[in-house]
Each structure stands twice: as C-alpha cells, then as structure tokens.
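Down below is the structure, laid out as structure tokens.
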Amino acid sequence: MSRQPPFLRKGDTIGIVCPSGYLPLEDTNACVQLLQQWGFNVRMGTTVGNRFHSFAGTDEERRIDLQQMLDDPSIQAILCGRGGYGMSRIIDQLDFRRFKKKPKWVIGFSDITVLHAHLQGKLKLASLHASMARAFAEKDSNNIKSLRSALSGKKSTHRCLPHDLNIKGESIGMLVGGNLSLLAHLAGTKTSLFTKGALLFLEDVGEYIYNIDRMMIQLKRSGMLANLTGLIIGGFTESKDTTIPFGSTVEELIWEKVKEYGYPVCFGFPVSHGEHNLALKHGVKHRLRISSRSVVLEEI
C-alpha cells in the first residue's frame with residue numbers, strides 16, 4: 001500500500017495551486033474563507049488567477065509554482081484549483097525528491113489524475129481524489145464535508161444504491177483510479193497507473209459514448225482491467241451520442257468489457273464531475289461489498 005502523508009491539524013497551511021487550467025482569482029474566495037473557518041492557513045500560488053491561453057500560466061510558470069508547493073516544508077497540503085488540461089505537460093519536469101522525504105496531501109481530480117497516478121506508481125504515496133478549490137462555493141455539500149473528514153484522518157465509508165448491472169461480491173484492494181480519459185492517456189507511459197490487485201474507480205465528463213468504448217478497450221488491451229480485485233464506476237456526466245447511435249449505454253459497454261473477469265463491479269458510485277464527488281484516498285486499502293441491496297466502499 002502507499003504511504004499516507006500526515007493528516008492535518010488546525011494551524012496547518014494549505015497551498016492552492018493551478019497546475020492545469022486557468023482559474024479566476026475570485027473563484028477561490030469561498031474556498032479560502034471556508035478553509036480558514038476550518039482553522040487552516042492558506043497560501044495562494046502564483047498560478048491562481050494567472051492565464052496563458054487556456055492554461056494557468058506557461059508550462060514553466062505552472063511547473064515552478066507546483067514545485068515550490070511540493071518543496072515548501074511550511075505547507076502541509078496542496079489543493080489544486082481546477083482541472084482542465086496541462087498536468088501531463090509538466091509531470092516529467094517535476095522533482096519529487098524533497099516531497100518524498102516529507103510528503104503532504106495532494107488534492108484534486110480530473111486532470112490531476114496524472115499527478116495521482118505518478119504519486120502512487122512512482123513514489124508509493126497516497127493522495128486525495130476530491131473536490132478542488134472552485135467547488136467550495138457549495139460549502140455544505142457532502143463532497144466538501146468528506147474532504148474535510150479525509151484531511152482530518154477519519155476513515156471513510158461510502159455507500160450508493162444498487163444498479164441492475166452490478167456484479168455482486170466482496171473484495172479488498174488498494175483504491176486507485178480517476179478520470180478515464182487521463183488513465184487511457186497515461187497507458188503505456190512511465191506514469192501508467194498500476195492496477196494489479198487494485199480496486200479501480202473510473203469517471204469522466206463530456207465524452208462521446210464511442211470514445212468511452214475506445215478508451216475502455218485501451219485499458220483492457222493494456223492489461224489494466226484483467227487483474228483488478230474490483231471495479232467502481234462513477235458518473236459519466238454529459239456523455240454524448242453520435243447522429244447514428246452507438247447502440248448501448250456507457251454502463252452496458254463497460255459491463256461487456258469486464259464481465260468475463262468475475263470480480264465485483266458497481267455502477268453509479270458518487271464520484272464524478274457532477275453533483276456527487278466524494279473524497280477518496282487514492283492508494284489506500286479499501287473493502288468493496290456489493291449485494292442486491294447495497295454497495296459499500298470502506299477504508300480499512
């Protein structure tokens with residue numbers, strides 16, 4: 001299992017950084033206020049509010065800002081402002097030697113899947129797949145509450161309703177995953193996600209159904225689906241079909257790809273780009289239980 005960084009206490013400092021897409025400074029106001037209410041100090045990175053086309057700065061500006069956050073011993077956690085695109089453009093230029101000696105929680109999802117995969121695969125360090133700074137406007141949401149709970153060190157238990165395509169069973173494994181597009185993008189690279197013996201979770205947004213099918217085939221052909229202990233399918237929000245329909249739903253095409261393996265599979269788990277995006281400790285051992293009445297994912 002991956003090593004977990006120290007959990008946060010009141011008075012600790014959280015750095016906010018944008019290693020991918022542009023985020024207006026004012027979009028962090030609610031986040032800063034709430035983190036301060038929780039008792040944390042906040043350090044704003046130079047990329048927050050910065051803009052270079054669709055990015056939060058040039059590659060070099062974003063690399064330097066994230067590198068400083070990784071290295072700064074006075075910062076106990078790094079909260080990414082938003083996703084978008086850009087993390088894979090700088091991941092190979094980052095130096096994690098200091099960070100590995102004194103790790104801290106890295107928080108984000110979507111494009112930050114690249115960073116989660118690197119931390120798990122190359123450094124054996126846990127991180128937090130969770131809501132980012134721009135989502136804090138919904139301060140009373142279960143997503144934000146679950147992030148606060150995770151940062152404090154509480155072990156999570158998440159539930160969701162059963163689905164007709166669920167494959168029942170119980171299994172234990174290291175929880176890994178994230179955005180399907182990014183995991184397919186990383187397949188075959190030195191930061192490809194290591195999935196053997198793992199519980200894999202997947203989500204995505206705005207993709208054509210045929211492209212989701214193609215990315216699932218990419219994962220299957222690369223061997224990433226064969227040796228899981230379980231599969232957790234979150235939301236595939238704003239999925240689109242072509243003029244001539246693809247012929248199956250997202251859930252049906254995923255089920256077809258994995259039914260032969262025999263491990264438990266659940267659909268409709270509350271992790272997504274939509275309303276439900278509960279905090280998940282990436283790289284940490286969990287138990288998945290799927291029955292006809294319920295689905296439970298429990299950190300152990």
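In the structure tokens, the first chain shown is A, the next is B, and so on; residue numbers restart at 1 for each chain, and ligands run from 1 in the order shown.
Residues in contact with Gln4 (chain A) at up to 8 Å, not including ones fewer than 3 positions away on its chain and judged by only C-alpha atoms, are Leu125, Ala126, Ser127 and Val284 of chain A.
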Just to be explicit: take each residue in the selection above, keep N, CA, C and O atoms, and write the result as a JSON list (two decimals), in the first residue's frame.
```json
[["chain", "number", "residue", "atom", "x", "y", "z"],
["A", 125, "LEU", "N", 2.99, 6.86, -2.75],
["A", 125, "LEU", "CA", 2.43, 7.81, -1.80],
["A", 125, "LEU", "C", 0.94, 7.98, -2.06],
["A", 125, "LEU", "O", 0.50, 8.05, -3.21],
["A", 126, "ALA", "N", 0.15, 8.06, -0.99],
["A", 126, "ALA", "CA", -1.28, 8.27, -1.10],
["A", 126, "ALA", "C", -1.58, 9.74, -1.39],
["A", 126, "ALA", "O", -0.78, 10.64, -1.09],
["A", 127, "SER", "N", -2.75, 9.98, -1.96],
["A", 127, "SER", "CA", -3.20, 11.34, -2.26],
["A", 127, "SER", "C", -4.72, 11.35, -2.17],
["A", 127, "SER", "O", -5.34, 10.32, -1.88],
["A", 284, "VAL", "N", -4.85, 3.87, -1.04],
["A", 284, "VAL", "CA", -5.10, 3.37, 0.32],
["A", 284, "VAL", "C", -6.01, 2.14, 0.22],
["A", 284, "VAL", "O", -6.91, 2.07, -0.62]]
```
Practice task
Identify, on the basis of only C-alpha atoms, every residue whose closest approach to region 195-201 of chain A does not exceed 10 Å; exclude the query and any residue fewer than 6 positions from it along the same chain; express the result as a PyMOL selection string.
Solution key: chain A and resi 1+121+171-180+223-234+263-267+269+271+280+282-288+297
Give me, as JSON lines, the closest atom pair and its distance (Å, one decimal) for every residue of region 48-129 of chain A within a cut-off of 12 Å of region 18-41 of chain A, counting only C-alpha atoms, rows sorted by chain and rising number.
```
{"residue": "A:Val48", "atom": "CA", "partner": "A:Leu25", "partner_atom": "CA", "distance": 5.8}
{"residue": "A:Gly49", "atom": "CA", "partner": "A:Leu25", "partner_atom": "CA", "distance": 4.3}
{"residue": "A:Asn50", "atom": "CA", "partner": "A:Tyr22", "partner_atom": "CA", "distance": 6.7}
{"residue": "A:Arg51", "atom": "CA", "partner": "A:Tyr22", "partner_atom": "CA", "distance": 5.7}
{"residue": "A:Phe52", "atom": "CA", "partner": "A:Tyr22", "partner_atom": "CA", "distance": 7.7}
{"residue": "A:His53", "atom": "CA", "partner": "A:Tyr22", "partner_atom": "CA", "distance": 8.1}
{"residue": "A:Ser54", "atom": "CA", "partner": "A:Tyr22", "partner_atom": "CA", "distance": 5.8}
{"residue": "A:Phe55", "atom": "CA", "partner": "A:Gly21", "partner_atom": "CA", "distance": 4.3}
{"residue": "A:Ala56", "atom": "CA", "partner": "A:Tyr22", "partner_atom": "CA", "distance": 4.0}
{"residue": "A:Gly57", "atom": "CA", "partner": "A:Tyr22", "partner_atom": "CA", "distance": 7.5}
{"residue": "A:Thr58", "atom": "CA", "partner": "A:Pro19", "partner_atom": "CA", "distance": 9.7}
{"residue": "A:Asp59", "atom": "CA", "partner": "A:Pro19", "partner_atom": "CA", "distance": 8.5}
{"residue": "A:Glu60", "atom": "CA", "partner": "A:Pro19", "partner_atom": "CA", "distance": 10.1}
{"residue": "A:Glu61", "atom": "CA", "partner": "A:Pro19", "partner_atom": "CA", "distance": 8.8}
{"residue": "A:Arg62", "atom": "CA", "partner": "A:Pro19", "partner_atom": "CA", "distance": 5.1}
{"residue": "A:Arg63", "atom": "CA", "partner": "A:Pro19", "partner_atom": "CA", "distance": 7.0}
{"residue": "A:Ile64", "atom": "CA", "partner": "A:Pro19", "partner_atom": "CA", "distance": 9.4}
{"residue": "A:Asp65", "atom": "CA", "partner": "A:Pro19", "partner_atom": "CA", "distance": 7.8}
{"residue": "A:Leu66", "atom": "CA", "partner": "A:Pro19", "partner_atom": "CA", "distance": 6.4}
{"residue": "A:Gln67", "atom": "CA", "partner": "A:Pro19", "partner_atom": "CA", "distance": 9.8}
{"residue": "A:Gln68", "atom": "CA", "partner": "A:Pro19", "partner_atom": "CA", "distance": 11.7}
{"residue": "A:Met69", "atom": "CA", "partner": "A:Pro19", "partner_atom": "CA", "distance": 10.8}
{"residue": "A:Leu70", "atom": "CA", "partner": "A:Pro19", "partner_atom": "CA", "distance": 11.8}
{"residue": "A:Ser74", "atom": "CA", "partner": "A:Asn41", "partner_atom": "CA", "distance": 10.4}
{"residue": "A:Ile75", "atom": "CA", "partner": "A:Asn41", "partner_atom": "CA", "distance": 9.1}
{"residue": "A:Gln76", "atom": "CA", "partner": "A:Phe40", "partner_atom": "CA", "distance": 9.9}
{"residue": "A:Ala77", "atom": "CA", "partner": "A:Phe40", "partner_atom": "CA", "distance": 10.2}
{"residue": "A:Ile78", "atom": "CA", "partner": "A:Cys18", "partner_atom": "CA", "distance": 10.0}
{"residue": "A:Leu79", "atom": "CA", "partner": "A:Cys18", "partner_atom": "CA", "distance": 8.6}
{"residue": "A:Cys80", "atom": "CA", "partner": "A:Cys18", "partner_atom": "CA", "distance": 5.5}
{"residue": "A:Gly81", "atom": "CA", "partner": "A:Cys18", "partner_atom": "CA", "distance": 5.1}
{"residue": "A:Arg82", "atom": "CA", "partner": "A:Cys18", "partner_atom": "CA", "distance": 6.4}
{"residue": "A:Gly83", "atom": "CA", "partner": "A:Ser20", "partner_atom": "CA", "distance": 5.8}
{"residue": "A:Gly84", "atom": "CA", "partner": "A:Gly21", "partner_atom": "CA", "distance": 4.7}
{"residue": "A:Tyr85", "atom": "CA", "partner": "A:Ser20", "partner_atom": "CA", "distance": 5.1}
{"residue": "A:Gly86", "atom": "CA", "partner": "A:Ser20", "partner_atom": "CA", "distance": 4.3}
{"residue": "A:Met87", "atom": "CA", "partner": "A:Ser20", "partner_atom": "CA", "distance": 5.4}
{"residue": "A:Ser88", "atom": "CA", "partner": "A:Ser20", "partner_atom": "CA", "distance": 8.8}
{"residue": "A:Arg89", "atom": "CA", "partner": "A:Ser20", "partner_atom": "CA", "distance": 8.9}
{"residue": "A:Ile90", "atom": "CA", "partner": "A:Pro19", "partner_atom": "CA", "distance": 8.3}
{"residue": "A:Ile91", "atom": "CA", "partner": "A:Pro19", "partner_atom": "CA", "distance": 9.6}
{"residue": "A:Leu94", "atom": "CA", "partner": "A:Pro19", "partner_atom": "CA", "distance": 11.3}
{"residue": "A:Val106", "atom": "CA", "partner": "A:Pro19", "partner_atom": "CA", "distance": 11.8}
{"residue": "A:Ile107", "atom": "CA", "partner": "A:Cys18", "partner_atom": "CA", "distance": 11.4}
{"residue": "A:Gly108", "atom": "CA", "partner": "A:Cys18", "partner_atom": "CA", "distance": 10.2}
{"residue": "A:Phe109", "atom": "CA", "partner": "A:Ser20", "partner_atom": "CA", "distance": 11.1}
{"residue": "A:Ser110", "atom": "CA", "partner": "A:Ser20", "partner_atom": "CA", "distance": 10.1}
{"residue": "A:Asp111", "atom": "CA", "partner": "A:Ser20", "partner_atom": "CA", "distance": 7.1}
{"residue": "A:Ile112", "atom": "CA", "partner": "A:Ser20", "partner_atom": "CA", "distance": 8.0}
{"residue": "A:Thr113", "atom": "CA", "partner": "A:Ser20", "partner_atom": "CA", "distance": 11.3}
{"residue": "A:Val114", "atom": "CA", "partner": "A:Ser20", "partner_atom": "CA", "distance": 10.6}
{"residue": "A:Leu115", "atom": "CA", "partner": "A:Pro19", "partner_atom": "CA", "distance": 9.9}
```
Exercise for the section: Just give me the gap between CA of Lys139 (chain A) and CA of Ser272 (chain A) in Å, one decimal is fine. Expected result: 17.3 Å
Exercise for the section: Check the smallest atom-to-atom distance from each of A:Glu252, A:Asp72, A:Asp12, A:Asp241 to Asn166 (chain A) using only C-alpha atoms, then report the winner. Expected result: A:Glu252
Exercise for the section: Taking the chain letters and numbering used in this document, name the residues of region 60-287 of chain A that DSSP puts in helix (DSSP H, G or I), as a PyMOL selection string. Expected result: chain A and resi 60-71+87-89+91-93+97-101+110-123+133-137+142-151+180-186+209-221+250-261
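Distances from A:Lys124, A:Arg3, A:Arg98, A:Lys155 to Ala279 (chain A) were compared using only C-alpha atoms, and the smallest one belongs to A:Lys155.
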Can I get the residues of region 103-131 of chain A within 8 Å of region 147-151 of chain A, each with the closest pair of atoms and their distance in Å to one decimal, using only C-alpha atoms, sorted chain first then ascending number, as JSON lines?
```
{"residue": "A:Trp105", "atom": "CA", "partner": "A:Leu151", "partner_atom": "CA", "distance": 8.0}
{"residue": "A:Ala130", "atom": "CA", "partner": "A:Leu147", "partner_atom": "CA", "distance": 6.5}
{"residue": "A:Ser131", "atom": "CA", "partner": "A:Leu147", "partner_atom": "CA", "distance": 7.4}
```
